[in-house]
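Chemist: Enclosed is the structure file target_37.txt (compact mmCIF, C-alpha atoms).
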```txt
# COMPACT_ATOMS: atom_id res chain seq x y z
CA MET A 1 0.00 0.00 0.00
CA SER A 2 1.42 3.39 -1.02
CA ASN A 3 1.68 6.49 1.16
CA LEU A 4 -1.03 8.07 -1.01
CA ASP A 5 -3.38 5.13 -0.34
CA ILE A 6 -2.79 5.53 3.40
CA LEU A 7 -3.48 9.28 3.23
CA ALA A 8 -6.72 8.66 1.33
CA ILE A 9 -7.89 6.05 3.86
CA THR A 10 -7.03 8.40 6.72
CA ALA A 11 -8.93 11.28 5.11
CA ARG A 12 -12.05 9.12 4.59
CA GLN A 13 -11.93 7.76 8.14
CA GLU A 14 -11.44 11.19 9.68
CA LEU A 15 -14.32 12.67 7.68
CA ASN A 16 -16.56 9.97 9.04
CA ARG A 17 -15.23 10.36 12.59
CA VAL A 18 -15.36 14.18 12.75
CA TYR A 19 -18.44 14.92 10.66
CA GLY A 20 -20.28 11.60 10.71
CA THR A 21 -20.50 11.29 6.94
CA ALA A 22 -18.91 9.39 4.06
CA ALA A 23 -16.82 11.20 1.45
CA THR A 24 -18.31 11.74 -1.99
CA LEU A 25 -14.99 12.95 -3.37
CA VAL A 26 -11.34 12.37 -2.46
CA ALA A 27 -8.52 14.12 -4.33
CA ALA A 28 -4.78 14.69 -4.01
CA ALA A 29 -2.35 17.38 -5.12
CA PRO A 30 1.42 16.89 -4.96
CA GLY A 31 4.20 18.90 -3.45
CA ARG A 32 7.02 19.84 -5.76
CA VAL A 33 10.76 20.20 -5.98
CA ASN A 34 12.38 22.58 -8.44
CA LEU A 35 15.23 20.93 -10.34
CA ILE A 36 16.56 24.26 -11.64
CA GLY A 37 15.27 27.78 -12.21
CA GLU A 38 15.26 29.49 -8.81
CA HIS A 39 13.88 33.01 -8.29
CA THR A 40 13.21 33.24 -12.02
CA ASP A 41 9.44 32.75 -11.90
CA TYR A 42 8.55 36.23 -10.62
CA ASN A 43 10.92 37.65 -13.23
CA ASP A 44 8.80 36.17 -16.07
CA GLY A 45 11.49 33.55 -16.58
CA TYR A 46 11.88 29.80 -16.95
CA VAL A 47 11.62 27.02 -14.37
CA LEU A 48 11.95 23.24 -14.39
CA PRO A 49 10.15 21.71 -11.39
CA MET A 50 8.62 18.29 -10.92
CA ALA A 51 5.65 17.12 -8.89
CA ILE A 52 6.77 14.71 -6.16
CA ASP A 53 5.18 11.67 -4.55
CA ARG A 54 4.34 13.61 -1.38
CA ALA A 55 0.83 15.00 -1.38
CA VAL A 56 -2.01 16.80 0.34
CA VAL A 57 -5.24 14.77 0.28
CA MET A 58 -8.72 16.17 0.79
CA ALA A 59 -11.89 14.14 1.40
CA ALA A 60 -15.16 16.08 1.12
CA VAL A 61 -18.92 15.94 1.05
CA PRO A 62 -21.07 18.87 -0.20
CA ARG A 63 -23.36 21.00 1.96
CA ASP A 64 -26.30 23.15 0.88
CA ASP A 65 -26.00 25.95 3.45
CA GLN A 66 -22.91 27.79 2.14
CA GLN A 67 -20.86 26.74 5.17
CA VAL A 68 -17.40 25.24 4.82
CA ARG A 69 -16.18 23.10 7.72
CA LEU A 70 -12.58 21.87 7.64
CA TRP A 71 -10.62 19.49 9.81
CA SER A 72 -6.82 19.34 9.53
CA VAL A 73 -5.40 15.99 10.59
CA ASN A 74 -1.84 17.37 10.65
CA PHE A 75 -2.74 20.30 12.91
CA GLY A 76 -5.51 18.56 14.87
CA GLN A 77 -7.65 21.65 14.39
CA GLU A 78 -11.02 22.63 12.94
CA ALA A 79 -11.92 25.78 11.02
CA GLU A 80 -15.25 26.99 9.68
CA PHE A 81 -16.37 29.86 7.46
CA SER A 82 -19.30 31.01 5.37
CA LEU A 83 -19.00 31.44 1.61
CA HIS A 84 -21.02 34.65 2.08
CA GLU A 85 -18.29 36.25 4.19
CA ILE A 86 -14.73 35.00 3.82
CA THR A 87 -12.09 36.48 6.11
CA ARG A 88 -8.63 35.36 7.18
CA ASP A 89 -8.21 33.24 10.30
CA SER A 90 -5.16 33.97 12.45
CA GLN A 91 -5.87 31.03 14.76
CA ALA A 92 -6.06 28.37 12.02
CA SER A 93 -3.75 29.94 9.46
CA TRP A 94 -3.57 26.69 7.44
CA SER A 95 -7.25 27.26 6.55
CA ASN A 96 -6.44 30.56 4.84
CA TYR A 97 -5.27 28.66 1.76
CA VAL A 98 -8.73 27.09 1.40
CA ARG A 99 -10.47 30.36 2.30
CA GLY A 100 -8.37 32.16 -0.31
CA ILE A 101 -9.36 29.66 -2.99
CA ALA A 102 -13.07 30.06 -2.19
CA TRP A 103 -12.68 33.84 -2.19
CA VAL A 104 -10.88 34.00 -5.54
CA LEU A 105 -13.19 31.49 -7.28
CA GLN A 106 -16.27 33.45 -6.25
CA LYS A 107 -14.58 36.70 -7.25
CA ALA A 108 -14.01 35.14 -10.69
CA GLY A 109 -17.74 34.39 -10.96
CA TYR A 110 -17.86 30.70 -10.05
CA PRO A 111 -20.78 29.76 -7.73
CA LEU A 112 -19.60 27.45 -4.95
CA ARG A 113 -21.24 24.86 -2.74
CA GLY A 114 -20.33 24.55 0.91
CA MET A 115 -18.70 21.38 2.18
CA ASP A 116 -17.41 19.36 5.07
CA ALA A 117 -13.83 18.33 4.38
CA VAL A 118 -10.78 16.72 5.94
CA ILE A 119 -7.23 17.63 4.91
CA VAL A 120 -4.19 15.43 5.52
CA GLY A 121 -0.77 15.42 3.90
CA ASP A 122 2.80 14.17 3.97
CA VAL A 123 4.44 17.14 2.23
CA PRO A 124 6.89 18.43 4.87
CA ILE A 125 5.68 21.82 6.11
CA GLY A 126 8.19 24.66 5.94
CA ALA A 127 10.74 22.66 3.95
CA GLY A 128 10.28 24.51 0.65
CA LEU A 129 8.41 21.64 -1.03
CA SER A 130 5.28 23.75 -1.43
CA SER A 131 2.71 22.25 0.87
CA SER A 132 0.81 25.54 0.49
CA ALA A 133 0.35 25.18 -3.27
CA ALA A 134 -0.70 21.56 -2.78
CA ILE A 135 -3.45 22.65 -0.36
CA GLU A 136 -4.59 25.43 -2.70
CA THR A 137 -4.65 23.17 -5.74
CA VAL A 138 -6.53 20.29 -4.15
CA ALA A 139 -9.02 22.74 -2.58
CA ALA A 140 -9.65 24.36 -5.97
CA TYR A 141 -10.16 20.93 -7.56
CA ILE A 142 -12.59 19.87 -4.82
CA PHE A 143 -14.61 23.10 -5.14
CA GLU A 144 -14.73 22.58 -8.93
CA ARG A 145 -16.03 19.05 -8.73
CA LEU A 146 -18.53 19.67 -5.94
CA SER A 147 -19.83 22.88 -7.53
CA GLY A 148 -20.16 21.57 -11.09
CA PHE A 149 -17.58 23.46 -13.14
CA SER A 150 -14.19 22.62 -14.58
CA LEU A 151 -10.98 24.64 -14.91
CA THR A 152 -8.05 23.97 -17.19
CA GLY A 153 -4.71 23.36 -15.49
CA PRO A 154 -3.32 26.83 -16.33
CA GLU A 155 -6.57 28.52 -15.24
CA ARG A 156 -6.52 26.69 -11.92
CA ALA A 157 -2.87 27.59 -11.38
CA ARG A 158 -3.53 31.30 -12.06
CA LEU A 159 -6.42 31.40 -9.61
CA CYS A 160 -4.44 29.55 -6.94
CA GLN A 161 -1.56 31.99 -7.37
CA GLN A 162 -4.00 34.89 -7.11
CA ALA A 163 -5.38 33.45 -3.87
CA GLU A 164 -1.91 33.26 -2.35
CA ASN A 165 -0.93 36.73 -3.62
CA GLU A 166 -4.09 38.63 -2.73
CA PHE A 167 -5.68 36.70 0.15
CA VAL A 168 -2.83 34.94 1.96
CA GLY A 169 -0.45 37.82 1.23
CA MET A 170 2.56 35.99 -0.25
CA ARG A 171 3.80 37.45 -3.54
CA CYS A 172 4.77 34.08 -4.99
CA GLY A 173 5.22 33.28 -8.67
CA ILE A 174 3.06 30.72 -10.46
CA MET A 175 5.47 27.77 -10.59
CA ASP A 176 4.26 25.86 -7.54
CA GLN A 177 0.57 25.98 -8.38
CA PHE A 178 1.29 25.20 -12.03
CA VAL A 179 3.23 22.00 -11.41
CA ALA A 180 0.78 20.92 -8.68
CA SER A 181 -1.91 21.09 -11.34
CA LEU A 182 -0.05 19.86 -14.43
CA GLY A 183 2.72 17.56 -13.23
CA GLN A 184 3.22 14.27 -15.08
CA ARG A 185 4.61 10.96 -13.89
CA ASP A 186 8.31 10.39 -14.75
CA HIS A 187 8.63 13.93 -16.14
CA ALA A 188 9.79 17.35 -15.06
CA LEU A 189 7.73 20.33 -16.23
CA PHE A 190 9.30 23.19 -18.16
CA ILE A 191 7.29 26.40 -17.66
CA ASP A 192 7.64 29.79 -19.29
CA CYS A 193 6.29 31.91 -16.45
CA ARG A 194 5.32 34.76 -18.78
CA ASP A 195 3.02 33.11 -21.29
CA LEU A 196 2.56 29.81 -19.35
CA HIS A 197 3.80 27.74 -22.27
CA PHE A 198 4.78 24.38 -20.78
CA ARG A 199 6.41 21.17 -21.85
CA HIS A 200 6.80 17.83 -20.10
CA VAL A 201 10.46 16.83 -20.02
CA PRO A 202 11.26 13.11 -19.56
CA LEU A 203 13.60 12.24 -16.71
CA PRO A 204 16.37 9.77 -17.64
CA GLU A 205 16.09 6.20 -16.40
CA GLY A 206 18.55 5.11 -13.74
CA VAL A 207 18.63 8.52 -12.08
CA ALA A 208 17.03 9.34 -8.72
CA ILE A 209 15.96 12.73 -7.41
CA ALA A 210 16.94 13.02 -3.75
CA VAL A 211 15.64 15.86 -1.59
CA CYS A 212 17.49 16.65 1.64
CA ASP A 213 15.77 18.71 4.32
CA THR A 214 18.22 20.76 6.40
CA HIS A 215 15.59 21.31 9.14
CA VAL A 216 16.71 24.91 9.34
CA SER A 217 13.93 27.40 10.02
CA ARG A 218 13.49 29.79 7.11
CA ASP A 219 12.79 32.89 9.22
CA LEU A 220 14.40 35.29 6.74
CA VAL A 221 12.51 34.06 3.70
CA SER A 222 9.56 36.46 3.70
CA SER A 223 11.50 39.69 4.12
CA ALA A 224 14.41 38.60 1.91
CA TYR A 225 12.05 37.35 -0.81
CA ASN A 226 10.33 40.71 -1.04
CA THR A 227 13.71 42.51 -1.01
CA ARG A 228 15.09 40.34 -3.82
CA ARG A 229 11.94 40.85 -5.83
CA ALA A 230 12.23 44.64 -5.48
CA GLU A 231 15.92 44.47 -6.45
CA CYS A 232 15.05 42.55 -9.61
CA GLU A 233 12.35 45.06 -10.51
CA GLN A 234 14.87 47.87 -10.04
CA GLY A 235 17.37 46.01 -12.21
CA ALA A 236 14.84 45.54 -15.00
CA GLN A 237 14.00 49.24 -14.87
CA LEU A 238 17.68 50.21 -15.07
CA LEU A 239 18.16 47.84 -18.02
CA GLY A 240 15.08 49.30 -19.73
CA VAL A 241 13.05 46.09 -19.96
CA ARG A 242 9.71 44.81 -18.69
CA ALA A 243 11.34 41.92 -16.79
CA LEU A 244 14.78 40.35 -16.49
CA ARG A 245 13.79 37.49 -18.79
CA ASP A 246 13.99 40.02 -21.62
CA VAL A 247 17.76 40.42 -21.20
CA SER A 248 20.12 37.91 -22.80
CA LEU A 249 23.32 36.94 -21.03
CA ARG A 250 25.36 38.65 -23.76
CA THR A 251 23.40 41.90 -23.46
CA PHE A 252 23.73 41.82 -19.68
CA GLN A 253 27.50 41.36 -19.91
CA GLU A 254 27.66 44.44 -22.13
CA LYS A 255 25.66 46.57 -19.69
CA GLU A 256 26.42 45.17 -16.24
CA ARG A 257 29.13 47.73 -15.39
CA GLY A 258 26.47 50.42 -15.30
CA LEU A 259 24.49 48.67 -12.56
CA PRO A 260 25.01 49.34 -8.84
CA GLU A 261 25.68 46.55 -6.37
CA PRO A 262 23.96 44.37 -5.31
CA ILE A 263 21.54 44.95 -8.21
CA ARG A 264 24.17 43.78 -10.71
CA ARG A 265 24.63 40.44 -8.97
CA ARG A 266 20.90 39.88 -8.48
CA CYS A 267 20.35 40.44 -12.20
CA ARG A 268 23.29 38.22 -13.12
CA HIS A 269 21.80 35.33 -11.17
CA VAL A 270 18.35 35.58 -12.76
CA ILE A 271 19.61 36.08 -16.30
CA SER A 272 22.20 33.29 -16.11
CA GLU A 273 19.69 31.00 -14.36
CA ASN A 274 17.25 31.36 -17.25
CA GLU A 275 20.03 30.24 -19.61
CA ARG A 276 20.78 27.27 -17.35
CA VAL A 277 17.13 26.17 -17.34
CA LEU A 278 17.00 26.06 -21.14
CA ARG A 279 20.27 24.16 -21.34
CA ALA A 280 19.25 21.72 -18.58
CA MET A 281 15.96 20.98 -20.34
CA GLU A 282 17.80 20.19 -23.57
CA ALA A 283 20.32 18.02 -21.69
CA LEU A 284 17.62 15.98 -19.96
CA GLU A 285 15.74 15.48 -23.22
CA ARG A 286 18.81 13.92 -24.78
CA GLY A 287 19.63 11.93 -21.62
CA ASP A 288 22.79 13.91 -20.84
CA VAL A 289 22.76 13.69 -17.04
CA GLN A 290 26.34 14.92 -16.67
CA THR A 291 25.54 18.27 -18.29
CA ALA A 292 22.28 18.63 -16.38
CA GLY A 293 24.17 17.95 -13.13
CA ALA A 294 26.86 20.50 -13.92
CA LEU A 295 24.18 23.14 -14.53
CA ILE A 296 22.52 22.27 -11.22
CA ASN A 297 25.89 22.81 -9.52
CA GLU A 298 26.32 26.17 -11.23
CA SER A 299 22.86 27.16 -10.06
CA HIS A 300 23.83 26.67 -6.42
CA GLU A 301 26.97 28.79 -6.76
CA SER A 302 24.92 31.56 -8.35
CA LEU A 303 22.24 31.41 -5.63
CA ARG A 304 24.92 31.44 -2.93
CA ASP A 305 27.18 34.18 -4.30
CA ASP A 306 25.06 36.41 -6.56
CA TYR A 307 21.58 36.07 -5.08
CA GLU A 308 22.79 35.46 -1.51
CA VAL A 309 19.92 33.23 -0.40
CA SER A 310 21.87 30.19 0.78
CA CYS A 311 23.07 29.54 4.33
CA LYS A 312 25.78 27.53 6.05
CA GLU A 313 23.62 24.44 6.46
CA LEU A 314 22.54 24.38 2.81
CA ASP A 315 26.16 24.78 1.70
CA VAL A 316 27.27 21.95 4.01
CA MET A 317 24.52 19.71 2.63
CA VAL A 318 25.49 20.48 -0.97
CA ALA A 319 29.20 19.87 -0.33
CA ALA A 320 28.42 16.56 1.42
CA ALA A 321 26.34 15.42 -1.55
CA ARG A 322 28.97 16.33 -4.13
CA ALA A 323 31.55 14.26 -2.23
CA VAL A 324 29.55 11.09 -2.91
CA GLU A 325 30.42 9.16 -6.06
CA GLY A 326 27.42 8.90 -8.36
CA VAL A 327 26.05 12.38 -7.59
CA TYR A 328 25.72 14.37 -10.81
CA GLY A 329 24.59 17.65 -9.26
CA ALA A 330 23.44 19.21 -5.98
CA ARG A 331 22.00 22.60 -5.10
CA MET A 332 19.70 24.42 -2.73
CA THR A 333 16.10 24.55 -3.92
CA GLY A 334 13.29 26.88 -2.96
CA ALA A 335 13.38 30.40 -1.58
CA GLY A 336 16.49 29.80 0.53
CA PHE A 337 17.89 30.48 4.01
CA GLY A 338 17.10 26.88 4.95
CA GLY A 339 14.73 24.31 3.56
CA CYS A 340 15.98 21.68 1.15
CA THR A 341 18.58 20.71 -1.40
CA VAL A 342 17.82 18.80 -4.60
CA ASN A 343 20.24 16.20 -5.89
CA LEU A 344 20.59 14.28 -9.14
CA VAL A 345 21.90 10.85 -8.10
CA ALA A 346 22.66 7.63 -9.95
CA ALA A 347 20.14 5.04 -8.76
CA GLU A 348 22.85 2.63 -7.60
CA ALA A 349 24.42 5.36 -5.43
CA VAL A 350 21.25 6.24 -3.49
CA GLU A 351 21.96 4.17 -0.36
CA ALA A 352 25.53 5.45 -0.08
CA PHE A 353 24.18 8.96 -0.65
CA ARG A 354 21.65 8.64 2.18
CA ARG A 355 24.21 7.28 4.61
CA ARG A 356 27.11 9.60 3.88
CA VAL A 357 25.19 12.85 3.46
CA ALA A 358 23.28 12.29 6.69
CA ALA A 359 26.49 11.43 8.59
CA THR A 360 28.46 14.42 7.28
CA TYR A 361 25.62 16.83 7.89
CA ARG A 362 25.15 15.55 11.45
CA GLU A 363 28.88 15.78 12.15
CA VAL A 364 29.24 19.37 10.91
CA THR A 365 25.94 20.89 12.07
CA GLY A 366 24.68 18.62 14.85
CA ILE A 367 21.33 18.38 13.01
CA GLU A 368 19.63 15.19 11.80
CA ALA A 369 18.71 15.57 8.12
CA SER A 370 15.64 14.07 6.48
CA ILE A 371 16.34 12.59 3.06
CA TYR A 372 13.54 11.76 0.63
CA VAL A 373 14.09 9.92 -2.63
CA CYS A 374 11.32 11.30 -4.81
CA MET A 375 9.50 10.04 -7.87
CA ALA A 376 8.04 12.45 -10.41
CA THR A 377 4.29 12.09 -10.20
CA ASP A 378 1.03 13.41 -11.68
CA GLY A 379 -0.61 16.68 -10.73
CA VAL A 380 -3.94 17.08 -8.92
CA ARG A 381 -6.29 14.17 -9.45
CA GLU A 382 -9.25 12.32 -8.01
CA LEU A 383 -8.52 9.21 -5.97
CA GLY A 384 -10.65 6.09 -6.14
```
Would it be possible to restate this file's structure as structure tokens?

Modeler:
Amino acid sequence: MSNLDILAITARQELNRVYGTAATLVAAAPGRVNLIGEHTDYNDGYVLPMAIDRAVVMAAVPRDDQQVRLWSVNFGQEAEFSLHEITRDSQASWSNYVRGIAWVLQKAGYPLRGMDAVIVGDVPIGAGLSSSAAIETVAAYIFERLSGFSLTGPERARLCQQAENEFVGMRCGIMDQFVASLGQRDHALFIDCRDLHFRHVPLPEGVAIAVCDTHVSRDLVSSAYNTRRAECEQGAQLLGVRALRDVSLRTFQEKERGLPEPIRRRCRHVISENERVLRAMEALERGDVQTAGALINESHESLRDDYEVSCKELDVMVAAARAVEGVYGARMTGAGFGGCTVNLVAAEAVEAFRRRVAATYREVTGIEASIYVCMATDGVRELG
């Protein structure tokens, strides 16, 4: 029995226990890890994430009184709101992702039914694997199905991003919601974050994707994220473009001397990272894991030195991974200042990787790492 099967059974049982009713719909949305393309999404750039086999599951039954009652298994907490008056809840902040989805769907003109629902997941919270987008995406899907309308994957992703931007208050890009909606088994997902053109990119056989959680609190993420975003906007203005994706690496190299620090380095990361994403996609499509790994390594150096969003623990984790034979590439992934690394590892090296990375990290930092070997999986879907 898979982890997803266990989550679905738990969600059904808890719905019956808490609300005394059987589920009419059970659905799951995955977390994600970004292989390459960090801090490019809000600069209209390119990203290459994949949906992972860690998910948020929601079991629900419709109501006819416009009330939404939610029970979180992970938090052991209930939240309730009316579709007629949706406000944020500071006591059950996890529910704001569902509230935000209901708010944005109704704002877009979709009539919603109330529901009783249970939410349970195994996407690590606060690790940078996007448990928030998984909640938003599965909630949107559940509202769609219970209320009798259907969104395309890109439409759902846009509305979920809007909910997080305008209701939750996080100015995230669209990558997380997009891959949670449109991920495909055994594939990464190339996304052009400007026009939402996407392409499923096959992952080579014999290669594992290992995600290592540093267990470092990401306290600086919110303020630093907004600062970096403002610095990129300033850089685009100084370069005379709508967004940094409109500047080629060659053009940047011709003009970079005219930029102040740290704007120059912020721009250099984003512009070079976009180039790396395109090259990594081409490498994976032709099965060239060595080149893809080298680009992943370059990405970490750029995030550490030019974008300055790494930290000691992430750097230790990356160095430990690269010391293991059979590791093609390792880098921090996500917003930074903690969270996870992503690693491209030969399948036969996975056990040695787990053992040696965990031991080195423990020795240097005194922290026990969590290491997940992830499969690329499908986006949001109904479960039987």

Chemist: Quick one: residues within 9 Å of Ile119 in chain A, all atoms listed in the file, excluding same-chain residues fewer than 3 positions away - as an MDAnalysis selection string?

Modeler: chainID A and resid 11 56:60 70:74 135

Chemist: If we draw a sphere of 8 Å around (-17.5, 28.3, 7.1), which residues have at least one atom in it when counting all atoms listed in the file? Please report them as a PDB file with C-alpha atoms, in the coordinates of the input.

Modeler:
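Resulting contents of part.pdb:
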```pdb
ATOM      1  CA  GLN A  66     -22.910  27.790   2.140  1.00  0.00           C
ATOM      2  CA  GLN A  67     -20.860  26.740   5.170  1.00  0.00           C
ATOM      3  CA  VAL A  68     -17.400  25.240   4.820  1.00  0.00           C
ATOM      4  CA  ARG A  69     -16.180  23.100   7.720  1.00  0.00           C
ATOM      5  CA  ALA A  79     -11.920  25.780  11.020  1.00  0.00           C
ATOM      6  CA  GLU A  80     -15.250  26.990   9.680  1.00  0.00           C
ATOM      7  CA  PHE A  81     -16.370  29.860   7.460  1.00  0.00           C
ATOM      8  CA  SER A  82     -19.300  31.010   5.370  1.00  0.00           C
ATOM      9  CA  LEU A  83     -19.000  31.440   1.610  1.00  0.00           C
ATOM     10  CA  ILE A  86     -14.730  35.000   3.820  1.00  0.00           C
ATOM     11  CA  GLY A 114     -20.330  24.550   0.910  1.00  0.00           C
TER      12      GLY A 114
END
```

Chemist: Tell me which of A:Arg63, A:Arg54, A:Arg286, A:Arg12 sits closest to Arg32 in chain A, counting only C-alpha atoms.

Modeler: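 Comparing A:Arg63, A:Arg54, A:Arg286, A:Arg12 against Arg32 in chain A, the winner is A:Arg54.
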
Chemist: So that I can check the surroundings of range 292-302 of chain A, please list as a list of chain:residue names every protein, DNA and RNA residue that reaches within 8 Å of it, counting only C-alpha atoms and ignoring chain neighbours fewer than 6 positions away.

Modeler: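 Counting only C-alpha atoms, the residues come to A:Leu35, A:Ile36, A:Gly37, A:His269, A:Glu273, A:Arg276, A:Arg279, A:Ala280, A:Met281, A:Ala283, A:Leu284, A:Tyr328, A:Gly329, A:Ala330, A:Arg331, A:Met332, A:Leu344.
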
Chemist: Find, counting only C-alpha atoms, the residue in A:Glu325, A:Asp176, A:Glu282, A:Glu166 that gets nearest to Met50 in chain A.

Modeler: A:Asp176

Chemist: Can you tell me which residues surround Glu38 in chain A at a distance of at most 12 Å, considering all atoms listed in the file, apart from same-chain residues fewer than 3 positions away, and format the answer as a JSON list (two decimals) with C-alpha atoms, keeping the file's coordinate frame?

Modeler:
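And here is the file that came out, selection-v7.json:
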```json
[["chain", "number", "residue", "atom", "x", "y", "z"],
["A", 33, "VAL", "CA", 10.76, 20.20, -5.98],
["A", 34, "ASN", "CA", 12.38, 22.58, -8.44],
["A", 35, "LEU", "CA", 15.23, 20.93, -10.34],
["A", 41, "ASP", "CA", 9.44, 32.75, -11.90],
["A", 42, "TYR", "CA", 8.55, 36.23, -10.62],
["A", 43, "ASN", "CA", 10.92, 37.65, -13.23],
["A", 44, "ASP", "CA", 8.80, 36.17, -16.07],
["A", 45, "GLY", "CA", 11.49, 33.55, -16.58],
["A", 46, "TYR", "CA", 11.88, 29.80, -16.95],
["A", 47, "VAL", "CA", 11.62, 27.02, -14.37],
["A", 48, "LEU", "CA", 11.95, 23.24, -14.39],
["A", 49, "PRO", "CA", 10.15, 21.71, -11.39],
["A", 128, "GLY", "CA", 10.28, 24.51, 0.65],
["A", 173, "GLY", "CA", 5.22, 33.28, -8.67],
["A", 175, "MET", "CA", 5.47, 27.77, -10.59],
["A", 176, "ASP", "CA", 4.26, 25.86, -7.54],
["A", 225, "TYR", "CA", 12.05, 37.35, -0.81],
["A", 228, "ARG", "CA", 15.09, 40.34, -3.82],
["A", 266, "ARG", "CA", 20.90, 39.88, -8.48],
["A", 269, "HIS", "CA", 21.80, 35.33, -11.17],
["A", 270, "VAL", "CA", 18.35, 35.58, -12.76],
["A", 271, "ILE", "CA", 19.61, 36.08, -16.30],
["A", 272, "SER", "CA", 22.20, 33.29, -16.11],
["A", 273, "GLU", "CA", 19.69, 31.00, -14.36],
["A", 274, "ASN", "CA", 17.25, 31.36, -17.25],
["A", 275, "GLU", "CA", 20.03, 30.24, -19.61],
["A", 276, "ARG", "CA", 20.78, 27.27, -17.35],
["A", 277, "VAL", "CA", 17.13, 26.17, -17.34],
["A", 296, "ILE", "CA", 22.52, 22.27, -11.22],
["A", 298, "GLU", "CA", 26.32, 26.17, -11.23],
["A", 299, "SER", "CA", 22.86, 27.16, -10.06],
["A", 300, "HIS", "CA", 23.83, 26.67, -6.42],
["A", 301, "GLU", "CA", 26.97, 28.79, -6.76],
["A", 302, "SER", "CA", 24.92, 31.56, -8.35],
["A", 303, "LEU", "CA", 22.24, 31.41, -5.63],
["A", 304, "ARG", "CA", 24.92, 31.44, -2.93],
["A", 307, "TYR", "CA", 21.58, 36.07, -5.08],
["A", 309, "VAL", "CA", 19.92, 33.23, -0.40],
["A", 310, "SER", "CA", 21.87, 30.19, 0.78],
["A", 331, "ARG", "CA", 22.00, 22.60, -5.10],
["A", 332, "MET", "CA", 19.70, 24.42, -2.73],
["A", 333, "THR", "CA", 16.10, 24.55, -3.92],
["A", 334, "GLY", "CA", 13.29, 26.88, -2.96],
["A", 335, "ALA", "CA", 13.38, 30.40, -1.58],
["A", 336, "GLY", "CA", 16.49, 29.80, 0.53],
["A", 341, "THR", "CA", 18.58, 20.71, -1.40],
["A", 342, "VAL", "CA", 17.82, 18.80, -4.60]]
```

Chemist: Separation of CA of Ala352 in chain A and CA of Val324 in chain A, in Å?

Modeler: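 Rounded to one decimal, the two atoms are 7.5 Å apart.
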
Chemist: Which value, in Å to one decimal, gives the distance between CA of Leu105 in chain A and CA of Gln162 in chain A?

Modeler: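 Computed distance, CA of Leu105 in chain A to CA of Gln162 in chain A, equals 9.8 Å.
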
Chemist: Need the shell around Pro124 in chain A: protein/DNA/RNA residues with any atom at most 12 Å away, counting all atoms listed in the file. Skip same-chain ones fewer than 2 positions apart. Format as a PyMOL selection string?

Modeler: chain A and resi 30-33+52-56+74+120-122+126-132+134+211-215+339-340+370-372

Chemist: Please rebuild range 154-165 of chain A with N, CA and C atoms and return the result as a tab-separated table (two decimals), keeping the file's coordinate frame.

Modeler:
```
chain	number	residue	atom	x	y	z
A	154	PRO	N	-3.85	25.46	-16.45
A	154	PRO	CA	-3.32	26.83	-16.33
A	154	PRO	C	-4.30	27.79	-15.64
A	155	GLU	N	-5.60	27.67	-15.91
A	155	GLU	CA	-6.57	28.52	-15.24
A	155	GLU	C	-6.55	28.29	-13.74
A	156	ARG	N	-6.54	27.02	-13.35
A	156	ARG	CA	-6.52	26.69	-11.92
A	156	ARG	C	-5.26	27.25	-11.27
A	157	ALA	N	-4.13	27.10	-11.94
A	157	ALA	CA	-2.87	27.59	-11.38
A	157	ALA	C	-2.90	29.11	-11.19
A	158	ARG	N	-3.43	29.83	-12.16
A	158	ARG	CA	-3.53	31.30	-12.06
A	158	ARG	C	-4.39	31.71	-10.87
A	159	LEU	N	-5.52	31.04	-10.70
A	159	LEU	CA	-6.42	31.40	-9.61
A	159	LEU	C	-5.80	31.04	-8.26
A	160	CYS	N	-5.10	29.92	-8.19
A	160	CYS	CA	-4.44	29.55	-6.94
A	160	CYS	C	-3.33	30.54	-6.60
A	161	GLN	N	-2.58	30.97	-7.60
A	161	GLN	CA	-1.56	31.99	-7.37
A	161	GLN	C	-2.20	33.29	-6.89
A	162	GLN	N	-3.30	33.66	-7.51
A	162	GLN	CA	-4.00	34.89	-7.11
A	162	GLN	C	-4.46	34.80	-5.66
A	163	ALA	N	-4.94	33.63	-5.26
A	163	ALA	CA	-5.38	33.45	-3.87
A	163	ALA	C	-4.22	33.66	-2.91
A	164	GLU	N	-3.05	33.11	-3.25
A	164	GLU	CA	-1.91	33.26	-2.35
A	164	GLU	C	-1.39	34.70	-2.35
A	165	ASN	N	-1.39	35.34	-3.53
A	165	ASN	CA	-0.93	36.73	-3.62
A	165	ASN	C	-1.85	37.69	-2.88
```
